[in-house]
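Reproduced below: start03.cif, with mmCIF, C-alpha atoms; chains and numbers go by the auth columns.
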data_coords
loop_
_atom_site.group_PDB
_atom_site.id
_atom_site.type_symbol
_atom_site.label_atom_id
_atom_site.label_comp_id
_atom_site.label_asym_id
_atom_site.label_seq_id
_atom_site.Cartn_x
_atom_site.Cartn_y
_atom_site.Cartn_z
_atom_site.B_iso_or_equiv
_atom_site.auth_seq_id
_atom_site.auth_asym_id
ATOM 1 C CA PRO A 1 -151.212 34.651 145.543 0.00 1 G
ATOM 2 C CA ALA A 2 -154.715 33.200 145.520 0.00 2 G
ATOM 3 C CA VAL A 3 -153.484 29.636 146.008 0.00 3 G
ATOM 4 C CA ARG A 4 -150.352 27.955 147.206 0.00 4 G
ATOM 5 C CA SER A 5 -148.268 27.224 144.127 0.00 5 G
ATOM 6 C CA ASP A 6 -147.505 23.621 145.101 0.00 6 G
ATOM 7 C CA SER A 7 -151.147 22.673 145.737 0.00 7 G
ATOM 8 C CA LEU A 8 -152.256 22.342 142.107 0.00 8 G
ATOM 9 C CA THR A 9 -151.921 18.580 141.851 0.00 9 G
ATOM 10 C CA ALA A 10 -155.340 17.249 140.766 0.00 10 G
ATOM 11 C CA PRO A 11 -157.165 17.443 137.404 0.00 11 G
ATOM 12 C CA ALA A 12 -159.183 20.605 136.856 0.00 12 G
ATOM 13 C CA ALA A 13 -162.793 20.552 137.962 0.00 13 G
ATOM 14 C CA ALA A 14 -165.533 22.270 135.960 0.00 14 G
ATOM 15 C CA LEU A 15 -165.860 25.959 136.836 0.00 15 G
ATOM 16 C CA TYR A 16 -169.457 26.190 135.682 0.00 16 G
ATOM 17 C CA ARG A 17 -172.342 24.665 137.627 0.00 17 G
ATOM 18 C CA PRO A 18 -175.816 25.468 136.206 0.00 18 G
ATOM 19 C CA GLN A 19 -178.292 26.073 139.026 0.00 19 G
ATOM 20 C CA PRO A 20 -181.474 28.146 139.335 0.00 20 G
ATOM 21 C CA ARG A 21 -181.956 31.202 141.611 0.00 21 G
ATOM 22 C CA ARG A 22 -181.111 34.781 142.481 0.00 22 G
ATOM 23 C CA ALA A 23 -181.741 37.504 145.039 0.00 23 G
ATOM 24 C CA HIS A 24 -181.447 41.298 145.053 0.00 24 G
ATOM 25 C CA ALA A 25 -178.217 43.202 145.464 0.00 25 G
ATOM 26 C CA ARG A 26 -176.581 44.732 148.519 0.00 26 G
ATOM 27 C CA ALA A 27 -173.987 47.473 148.150 0.00 27 G
ATOM 28 C CA ARG A 28 -170.875 47.007 150.292 0.00 28 G
ATOM 29 C CA THR A 29 -168.424 49.351 152.031 0.00 29 G
ATOM 30 C CA ARG A 30 -164.630 49.139 151.980 0.00 30 G
ATOM 31 C CA HIS A 31 -162.438 47.997 154.875 0.00 31 G
ATOM 32 C CA ASN A 32 -158.737 47.891 155.648 0.00 32 G
ATOM 33 C CA ARG A 33 -156.491 45.119 154.430 0.00 33 G
ATOM 34 C CA ALA A 34 -154.866 42.527 156.682 0.00 34 G
ATOM 35 C CA PRO A 35 -151.421 40.999 156.049 0.00 35 G
ATOM 36 C CA HIS A 36 -151.078 37.780 154.052 0.00 36 G
ATOM 37 C CA ALA A 37 -149.651 34.637 155.586 0.00 37 G
ATOM 38 C CA HIS A 38 -147.421 32.379 153.493 0.00 38 G
ATOM 39 C CA ALA A 39 -146.658 28.675 153.782 0.00 39 G
ATOM 40 C CA SER A 40 -146.375 25.635 151.557 0.00 40 G
ATOM 41 C CA ALA A 41 -147.950 22.212 151.213 0.00 41 G
ATOM 42 C CA THR A 42 -148.078 19.456 148.635 0.00 42 G
ATOM 43 C CA ALA A 43 -151.704 18.359 148.988 0.00 43 G
ATOM 44 C CA ALA A 44 -154.649 18.554 151.337 0.00 44 G
ATOM 45 C CA PRO A 45 -153.799 16.742 154.614 0.00 45 G
ATOM 46 C CA ALA A 46 -156.107 13.934 155.619 0.00 46 G
ATOM 47 C CA ALA A 47 -157.040 13.141 159.216 0.00 47 G
ATOM 48 C CA GLY A 48 -154.004 12.142 161.222 0.00 48 G
ATOM 49 C CA GLY A 49 -151.672 14.383 159.237 0.00 49 G
ATOM 50 C CA GLU A 50 -151.292 12.155 156.165 0.00 50 G
ATOM 51 C CA VAL A 51 -151.362 13.679 152.696 0.00 51 G
ATOM 52 C CA ALA A 52 -154.313 12.779 150.473 0.00 52 G
ATOM 53 C CA THR A 53 -154.329 13.093 146.680 0.00 53 G
ATOM 54 C CA HIS A 54 -158.106 13.607 146.717 0.00 54 G
ATOM 55 C CA THR A 55 -160.514 14.244 149.572 0.00 55 G
ATOM 56 C CA PRO A 56 -164.188 13.199 149.080 0.00 56 G
ATOM 57 C CA VAL A 57 -166.592 16.127 149.238 0.00 57 G
ATOM 58 C CA ASP A 58 -169.001 14.246 151.539 0.00 58 G
ATOM 59 C CA GLN A 59 -166.207 13.787 154.053 0.00 59 G
ATOM 60 C CA LEU A 60 -165.385 17.491 153.921 0.00 60 G
ATOM 61 C CA ARG A 61 -169.053 18.352 154.376 0.00 61 G
ATOM 62 C CA ARG A 62 -169.151 16.347 157.613 0.00 62 G
ATOM 63 C CA ASP A 63 -165.765 17.279 159.052 0.00 63 G
ATOM 64 C CA PRO A 64 -164.936 20.980 159.611 0.00 64 G
ATOM 65 C CA VAL A 65 -161.491 20.055 160.960 0.00 65 G
ATOM 66 C CA LEU A 66 -160.576 18.215 157.769 0.00 66 G
ATOM 67 C CA LEU A 67 -162.072 21.050 155.717 0.00 67 G
ATOM 68 C CA ALA A 68 -159.858 23.518 157.609 0.00 68 G
ATOM 69 C CA ALA A 69 -156.797 21.370 156.848 0.00 69 G
ATOM 70 C CA CYS A 70 -157.621 21.413 153.120 0.00 70 G
ATOM 71 C CA VAL A 71 -158.260 25.160 153.127 0.00 71 G
ATOM 72 C CA ARG A 72 -155.021 25.952 154.963 0.00 72 G
ATOM 73 C CA ALA A 73 -152.934 23.600 152.806 0.00 73 G
ATOM 74 C CA THR A 74 -154.023 25.114 149.498 0.00 74 G
ATOM 75 C CA LEU A 75 -155.304 28.698 149.978 0.00 75 G
ATOM 76 C CA GLN A 76 -153.868 31.895 151.421 0.00 76 G
ATOM 77 C CA PRO A 77 -155.606 33.791 154.252 0.00 77 G
ATOM 78 C CA LEU A 78 -156.512 37.359 153.304 0.00 78 G
ATOM 79 C CA LEU A 79 -157.795 38.339 156.754 0.00 79 G
ATOM 80 C CA GLN A 80 -156.679 37.462 160.307 0.00 80 G
ATOM 81 C CA LYS A 81 -158.123 38.698 163.596 0.00 81 G
ATOM 82 C CA LYS A 82 -158.314 37.951 167.316 0.00 82 G
ATOM 83 C CA VAL A 83 -161.937 38.057 168.518 0.00 83 G
ATOM 84 C CA PRO A 84 -162.534 40.977 170.939 0.00 84 G
ATOM 85 C CA GLU A 85 -164.689 40.935 174.067 0.00 85 G
ATOM 86 C CA GLU A 86 -167.259 43.316 172.560 0.00 86 G
ATOM 87 C CA TRP A 87 -168.307 40.628 170.063 0.00 87 G
ATOM 88 C CA ARG A 88 -169.784 38.457 172.829 0.00 88 G
ATOM 89 C CA ASP A 89 -173.578 38.069 172.762 0.00 89 G
ATOM 90 C CA ALA A 90 -176.162 36.741 175.246 0.00 90 G
ATOM 91 C CA ASN A 91 -175.283 33.167 174.246 0.00 91 G
ATOM 92 C CA GLY A 92 -171.682 33.645 175.352 0.00 92 G
ATOM 93 C CA HIS A 93 -170.185 33.369 171.848 0.00 93 G
ATOM 94 C CA VAL A 94 -169.604 35.608 168.815 0.00 94 G
ATOM 95 C CA ASN A 95 -172.826 37.126 167.474 0.00 95 G
ATOM 96 C CA ILE A 96 -173.729 36.426 163.839 0.00 96 G
ATOM 97 C CA ARG A 97 -173.460 40.106 162.859 0.00 97 G
ATOM 98 C CA HIS A 98 -169.695 39.880 163.360 0.00 98 G
ATOM 99 C CA TYR A 99 -169.407 36.830 161.121 0.00 99 G
ATOM 100 C CA MET A 100 -171.010 38.893 158.372 0.00 100 G
ATOM 101 C CA ALA A 101 -168.596 41.767 159.019 0.00 101 G
ATOM 102 C CA LEU A 102 -165.664 39.362 158.646 0.00 102 G
ATOM 103 C CA PHE A 103 -167.129 37.938 155.438 0.00 103 G
ATOM 104 C CA ASP A 104 -167.571 41.463 154.089 0.00 104 G
ATOM 105 C CA ASP A 105 -163.995 42.443 155.020 0.00 105 G
ATOM 106 C CA LEU A 106 -162.692 39.337 153.259 0.00 106 G
ATOM 107 C CA GLU A 107 -164.680 40.098 150.115 0.00 107 G
ATOM 108 C CA TRP A 108 -163.016 43.482 149.783 0.00 108 G
ATOM 109 C CA GLU A 109 -159.624 41.821 150.057 0.00 109 G
ATOM 110 C CA MET A 110 -160.811 39.344 147.430 0.00 110 G
ATOM 111 C CA ALA A 111 -161.761 42.242 145.142 0.00 111 G
ATOM 112 C CA ARG A 112 -158.361 43.829 145.693 0.00 112 G
ATOM 113 C CA GLU A 113 -156.682 40.568 144.704 0.00 113 G
ATOM 114 C CA TRP A 114 -158.715 40.592 141.484 0.00 114 G
ATOM 115 C CA GLY A 115 -157.210 44.006 140.700 0.00 115 G
ATOM 116 C CA LEU A 116 -160.085 46.282 141.710 0.00 116 G
ATOM 117 C CA SER A 117 -158.637 49.495 143.155 0.00 117 G
ATOM 118 C CA ASP A 118 -159.826 52.756 144.686 0.00 118 G
ATOM 119 C CA ALA A 119 -159.509 54.297 141.230 0.00 119 G
ATOM 120 C CA HIS A 120 -162.110 51.892 139.842 0.00 120 G
ATOM 121 C CA PHE A 121 -164.611 52.899 142.522 0.00 121 G
ATOM 122 C CA LYS A 122 -163.889 56.614 142.082 0.00 122 G
ATOM 123 C CA ASN A 123 -164.527 56.194 138.364 0.00 123 G
ATOM 124 C CA GLY A 124 -167.923 54.609 138.848 0.00 124 G
ATOM 125 C CA LEU A 125 -167.281 50.856 138.975 0.00 125 G
ATOM 126 C CA GLY A 126 -168.890 49.112 141.965 0.00 126 G
ATOM 127 C CA LEU A 127 -169.135 45.593 143.332 0.00 127 G
ATOM 128 C CA PHE A 128 -172.527 44.361 144.554 0.00 128 G
ATOM 129 C CA ASP A 129 -173.429 41.100 146.272 0.00 129 G
ATOM 130 C CA LEU A 130 -176.485 39.391 144.765 0.00 130 G
ATOM 131 C CA GLU A 131 -177.001 36.506 147.187 0.00 131 G
ATOM 132 C CA HIS A 132 -175.468 34.616 150.101 0.00 132 G
ATOM 133 C CA HIS A 133 -175.802 31.246 151.783 0.00 133 G
ATOM 134 C CA VAL A 134 -174.171 31.089 155.230 0.00 134 G
ATOM 135 C CA LYS A 135 -173.472 27.931 157.242 0.00 135 G
ATOM 136 C CA TYR A 136 -172.389 28.055 160.889 0.00 136 G
ATOM 137 C CA LEU A 137 -170.378 24.885 161.564 0.00 137 G
ATOM 138 C CA ARG A 138 -168.793 25.580 164.972 0.00 138 G
ATOM 139 C CA GLU A 139 -168.980 28.302 167.613 0.00 139 G
ATOM 140 C CA VAL A 140 -166.362 31.044 167.842 0.00 140 G
ATOM 141 C CA HIS A 141 -165.578 32.382 171.313 0.00 141 G
ATOM 142 C CA ILE A 142 -164.007 35.535 172.693 0.00 142 G
ATOM 143 C CA GLY A 143 -160.230 35.417 172.473 0.00 143 G
ATOM 144 C CA ASP A 144 -160.170 32.943 169.563 0.00 144 G
ATOM 145 C CA SER A 145 -158.011 33.811 166.565 0.00 145 G
ATOM 146 C CA VAL A 146 -159.648 33.487 163.152 0.00 146 G
ATOM 147 C CA SER A 147 -158.483 33.597 159.528 0.00 147 G
ATOM 148 C CA ALA A 148 -160.558 34.044 156.373 0.00 148 G
ATOM 149 C CA PHE A 149 -159.942 32.498 152.944 0.00 149 G
ATOM 150 C CA TYR A 150 -161.858 32.375 149.656 0.00 150 G
ATOM 151 C CA ARG A 151 -162.245 30.148 146.626 0.00 151 G
ATOM 152 C CA ILE A 152 -163.784 31.002 143.246 0.00 152 G
ATOM 153 C CA LEU A 153 -166.398 28.423 142.225 0.00 153 G
ATOM 154 C CA GLY A 154 -167.474 29.812 138.856 0.00 154 G
ATOM 155 C CA VAL A 155 -168.393 32.795 136.683 0.00 155 G
ATOM 156 C CA ASN A 156 -171.272 33.596 134.340 0.00 156 G
ATOM 157 C CA ARG A 157 -171.162 31.318 131.306 0.00 157 G
ATOM 158 C CA THR A 158 -171.860 33.869 128.546 0.00 158 G
ATOM 159 C CA PRO A 159 -169.194 36.590 128.052 0.00 159 G
ATOM 160 C CA PRO A 160 -168.473 39.288 129.057 0.00 160 G
ATOM 161 C CA LEU A 161 -167.596 38.403 132.652 0.00 161 G
ATOM 162 C CA LYS A 162 -169.978 40.173 135.063 0.00 162 G
ATOM 163 C CA ARG A 163 -170.709 37.761 137.934 0.00 163 G
ATOM 164 C CA VAL A 164 -168.578 35.570 140.190 0.00 164 G
ATOM 165 C CA HIS A 165 -169.634 32.617 142.369 0.00 165 G
ATOM 166 C CA PHE A 166 -167.359 32.232 145.395 0.00 166 G
ATOM 167 C CA MET A 167 -166.984 30.636 148.824 0.00 167 G
ATOM 168 C CA VAL A 168 -165.523 32.309 151.920 0.00 168 G
ATOM 169 C CA TYR A 169 -164.133 30.134 154.728 0.00 169 G
ATOM 170 C CA LEU A 170 -163.828 31.452 158.288 0.00 170 G
ATOM 171 C CA ALA A 171 -161.269 29.218 160.006 0.00 171 G
ATOM 172 C CA ASN A 172 -160.816 29.184 163.777 0.00 172 G
ATOM 173 C CA ASP A 173 -157.057 29.122 164.338 0.00 173 G
ATOM 174 C CA THR A 174 -157.562 28.304 168.017 0.00 174 G
ATOM 175 C CA ASN A 175 -159.335 24.957 167.581 0.00 175 G
ATOM 176 C CA GLY A 176 -158.347 24.080 163.998 0.00 176 G
ATOM 177 C CA CYS A 177 -161.782 23.933 162.354 0.00 177 G
ATOM 178 C CA VAL A 178 -163.782 25.889 159.804 0.00 178 G
ATOM 179 C CA ALA A 179 -166.290 27.775 161.943 0.00 179 G
ATOM 180 C CA ALA A 180 -168.471 29.125 159.125 0.00 180 G
ATOM 181 C CA THR A 181 -168.739 29.449 155.366 0.00 181 G
ATOM 182 C CA CYS A 182 -170.359 32.103 153.208 0.00 182 G
ATOM 183 C CA GLU A 183 -171.194 31.138 149.631 0.00 183 G
ATOM 184 C CA GLY A 184 -172.070 34.085 147.452 0.00 184 G
ATOM 185 C CA VAL A 185 -172.523 35.609 144.018 0.00 185 G
ATOM 186 C CA CYS A 186 -171.304 39.133 143.312 0.00 186 G
ATOM 187 C CA CYS A 187 -171.361 41.314 140.212 0.00 187 G
ATOM 188 C CA ALA A 188 -169.579 44.313 138.794 0.00 188 G
ATOM 189 C CA SER A 189 -171.912 47.324 138.827 0.00 189 G
ATOM 190 C CA ASN A 190 -172.130 50.734 137.204 0.00 190 G
ATOM 191 C CA LEU A 191 -172.499 53.183 140.109 0.00 191 G
ATOM 192 C CA THR A 192 -174.303 55.721 137.894 0.00 192 G
ATOM 193 C CA THR A 193 -176.955 53.447 136.386 0.00 193 G
ATOM 194 C CA ARG A 194 -176.894 51.021 139.384 0.00 194 G
ATOM 195 C CA ALA A 195 -176.982 48.142 136.876 0.00 195 G
ATOM 196 C CA SER A 196 -174.606 45.246 136.344 0.00 196 G
ATOM 197 C CA THR A 197 -171.698 45.866 133.996 0.00 197 G
ATOM 198 C CA PRO A 198 -168.706 43.865 132.707 0.00 198 G
ATOM 199 C CA PHE A 199 -165.539 43.743 134.779 0.00 199 G
ATOM 200 C CA PRO A 200 -162.640 45.614 133.125 0.00 200 G
ATOM 201 C CA GLU A 201 -160.670 43.264 130.867 0.00 201 G
ATOM 202 C CA LYS A 202 -157.577 43.167 133.096 0.00 202 G
ATOM 203 C CA VAL A 203 -159.693 42.386 136.176 0.00 203 G
ATOM 204 C CA ALA A 204 -161.716 39.754 134.289 0.00 204 G
ATOM 205 C CA ASN A 205 -158.523 38.038 133.166 0.00 205 G
ATOM 206 C CA GLN A 206 -157.237 37.947 136.742 0.00 206 G
ATOM 207 C CA ILE A 207 -160.538 36.472 137.978 0.00 207 G
ATOM 208 C CA ARG A 208 -160.326 33.762 135.308 0.00 208 G
ATOM 209 C CA ARG A 209 -156.695 33.027 136.172 0.00 209 G
ATOM 210 C CA ILE A 210 -157.471 32.625 139.885 0.00 210 G
ATOM 211 C CA GLY A 211 -160.604 30.614 139.086 0.00 211 G
ATOM 212 C CA ASP A 212 -158.565 28.240 136.933 0.00 212 G
ATOM 213 C CA GLN A 213 -156.089 27.763 139.796 0.00 213 G
ATOM 214 C CA HIS A 214 -158.885 27.095 142.265 0.00 214 G
ATOM 215 C CA ALA A 215 -160.489 24.564 139.902 0.00 215 G
ATOM 216 C CA LYS A 216 -157.261 22.533 139.982 0.00 216 G
ATOM 217 C CA LEU A 217 -157.167 22.119 143.769 0.00 217 G
ATOM 218 C CA ASN A 218 -157.186 18.514 144.946 0.00 218 G
ATOM 219 C CA TRP A 219 -160.398 18.804 146.967 0.00 219 G
ATOM 220 C CA GLU A 220 -163.932 19.614 145.885 0.00 220 G
ATOM 221 C CA CYS A 221 -165.656 22.501 147.636 0.00 221 G
ATOM 222 C CA PRO A 222 -168.813 21.530 149.583 0.00 222 G
ATOM 223 C CA HIS A 223 -171.391 24.106 148.537 0.00 223 G
ATOM 224 C CA HIS A 224 -175.124 24.738 148.817 0.00 224 G
ATOM 225 C CA GLY A 225 -175.982 23.915 145.208 0.00 225 G
ATOM 226 C CA SER A 226 -178.634 26.580 144.548 0.00 226 G
ATOM 227 C CA LEU A 227 -176.435 29.617 143.844 0.00 227 G
ATOM 228 C CA ASP A 228 -175.479 30.202 140.231 0.00 228 G
ATOM 229 C CA PRO A 229 -173.774 33.145 138.479 0.00 229 G
ATOM 230 C CA ARG A 230 -175.476 32.155 135.166 0.00 230 G
#

Step by step, read the file and then write its structure as structure tokens.
Amino acid sequence: PAVRSDSLTAPAAALYRPQPRRAHARARTRHNRAPHAHASATAAPAAGGEVATHTPVDQLRRDPVLLAACVRATLQPLLQKKVPEEWRDANGHVNIRHYMALFDDLEWEMAREWGLSDAHFKNGLGLFDLEHHVKYLREVHIGDSVSAFYRILGVNRTPPLKRVHFMVYLANDTNGCVAATCEGVCCASNLTTRASTPFPEKVANQIRRIGDQHAKLNWECPHHGSLDPR
């Protein structure tokens, strides 16, 4: 499941946020799936382990440990990995190229959860990223264990559904914080014409269902503010 079933306790937030801007597309390659982890919670934990009915977005923006607690209490990880030695760079921590690889791996798991399958790709339906905004909040070091989660922030406002605005969270399981976030917009694409195309109806309905669940979470997602699926 995209969210933990007992986390939907707050009023729904608006899925659509009008903002200007766009960038060109990048085709992506598929990766293997990691196992899901399952747990339960009633609301996003506040600092000190207490349960909060609503967590202010400014507080989440400043506190990657609190953000990690909210993410873990309400979303399911789609990717988990222990950081290998070969990811070390000259600064003694994980190089940024590996963050992007983890984000990319997570996005393919996200697409699978929406119902996109190998058959869709073989039949000419693709998934392109249009833009990203990445924030590095804390270092990740060799030997750390990390998990990746996502949240849908919105879709294009005029049907049919073609574009999705989302946030990926890379949580460091070793120190309990969100190490980095990747906010992005992706679109369904026709692999023959290389142009955007509507998602199949069944996939679009699943995206809307998950988006509605994510809009009901009891914490607002800190995001960049300039990305918009229009």

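Minimum distance to Ile210 (chain G) across G:Leu127, G:Leu153, G:Ala171, G:Leu78 (counting only C-alpha atoms) occurs at G:Leu153.
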
Excluding region 112-124 of chain G and any residue of its chain fewer than 6 positions from it, enumerate the residues within 6 Å of it, using all atoms listed in the file, and give them as an mmCIF file with C-alpha atoms, in the coordinates of the input.
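selection-v8.cif written:
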data_model
loop_
_atom_site.group_PDB
_atom_site.id
_atom_site.type_symbol
_atom_site.label_atom_id
_atom_site.label_comp_id
_atom_site.auth_asym_id
_atom_site.auth_seq_id
_atom_site.Cartn_x
_atom_site.Cartn_y
_atom_site.Cartn_z
ATOM 1 C CA ASN G 190 -172.130 50.734 137.204
ATOM 2 C CA LEU G 191 -172.499 53.183 140.109
ATOM 3 C CA VAL G 203 -159.693 42.386 136.176
ATOM 4 C CA GLN G 206 -157.237 37.947 136.742
ATOM 5 C CA ILE G 207 -160.538 36.472 137.978
#

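Across the model, the gap from CA of Tyr150 (chain G) to CA of Gln59 (chain G) is 19.6 Å.
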
List as JSON, numbers by chain the protein and nucleic acid residues near His224 (chain G), meaning an atom at most 10 Å away when only C-alpha atoms are counted, but skip any in the same chain fewer than 4 places from it.
{"G": [132, 133, 134, 135, 182, 183, 184]}

In Å, how far is it from CA of Trp219 (chain G) to CA of Cys70 (chain G)?
7.2 Å

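Neighbouring residues of Cys177 (chain G) at 7 Å or closer, counting only C-alpha atoms and skipping chain neighbours under 2 positions away, are Pro64, Val65, Ala68, Ala171, Asn172, Asn175 and Ala179 of chain G.
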
Assuming the chain letters and numbering stay as they are in my file, what does the PyMOL selection byres ((chain G and resi 93) around 7) actually select? List them as a CSV table (one decimal) with C-alpha atoms, in the coordinates of the input.
chain,number,residue,atom,x,y,z
G,88,ARG,CA,-169.8,38.5,172.8
G,89,ASP,CA,-173.6,38.1,172.8
G,91,ASN,CA,-175.3,33.2,174.2
G,92,GLY,CA,-171.7,33.6,175.4
G,94,VAL,CA,-169.6,35.6,168.8
G,95,ASN,CA,-172.8,37.1,167.5
G,139,GLU,CA,-169.0,28.3,167.6
G,140,VAL,CA,-166.4,31.0,167.8
G,141,HIS,CA,-165.6,32.4,171.3
G,142,ILE,CA,-164.0,35.5,172.7

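CA of Arg61 (chain G) is positioned 19.5 Å from CA of Asp228 (chain G).
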
Which polymer residues, protein or nucleic acid, are no farther than 10 Å from (-166.9, 41.2, 130.5), counting all atoms listed in the file, as a VMD selection string?
chain G and resid 156 158 to 163 188 197 to 205

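Distance annotation: of G:Arg194, G:Arg208, G:Arg157, G:Arg151, the residue with the minimal separation from His223 (chain G) is G:Arg151; atom set is all atoms listed in the file.
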
Give the padded box for region 74-84 of chain G as AutoDock Vina command-line options: axis-aligned, covering all atoms listed in the file, 8 Å on each side, centre and edge lengths in Å to one decimal.
--center_x -158.2 --center_y 33.0 --center_z 160.2 --size_x 24.7 --size_y 31.9 --size_z 37.4

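The closest residue to Pro84 (chain G), picked from G:Leu125, G:Asp104, G:Ser145, G:Arg72 and counting all atoms listed in the file, is G:Ser145.
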
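When only C-alpha atoms are used to compute distances to Leu102 (chain G), the closest of the residues G:Thr181, G:Gly176, G:Asp129, G:Glu86 turns out to be G:Thr181.
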
Restricting the calculation to all atoms listed in the file, which member of G:Cys221, G:Cys187, G:Thr193, G:Leu60 is positioned closest to Leu137 (chain G)?
G:Leu60

Surrounding residues of Val155 (chain G) excluding itself and chain neighbours under 5 positions, 6 Å, all atoms listed in the file, as an MDAnalysis selection string:
chainID G and resid 163:165 229

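Distance annotation: of G:Ala148, G:Ser226, G:Met110, G:Leu67, the residue with the minimal separation from Lys82 (chain G) is G:Ala148; atom set is only C-alpha atoms.
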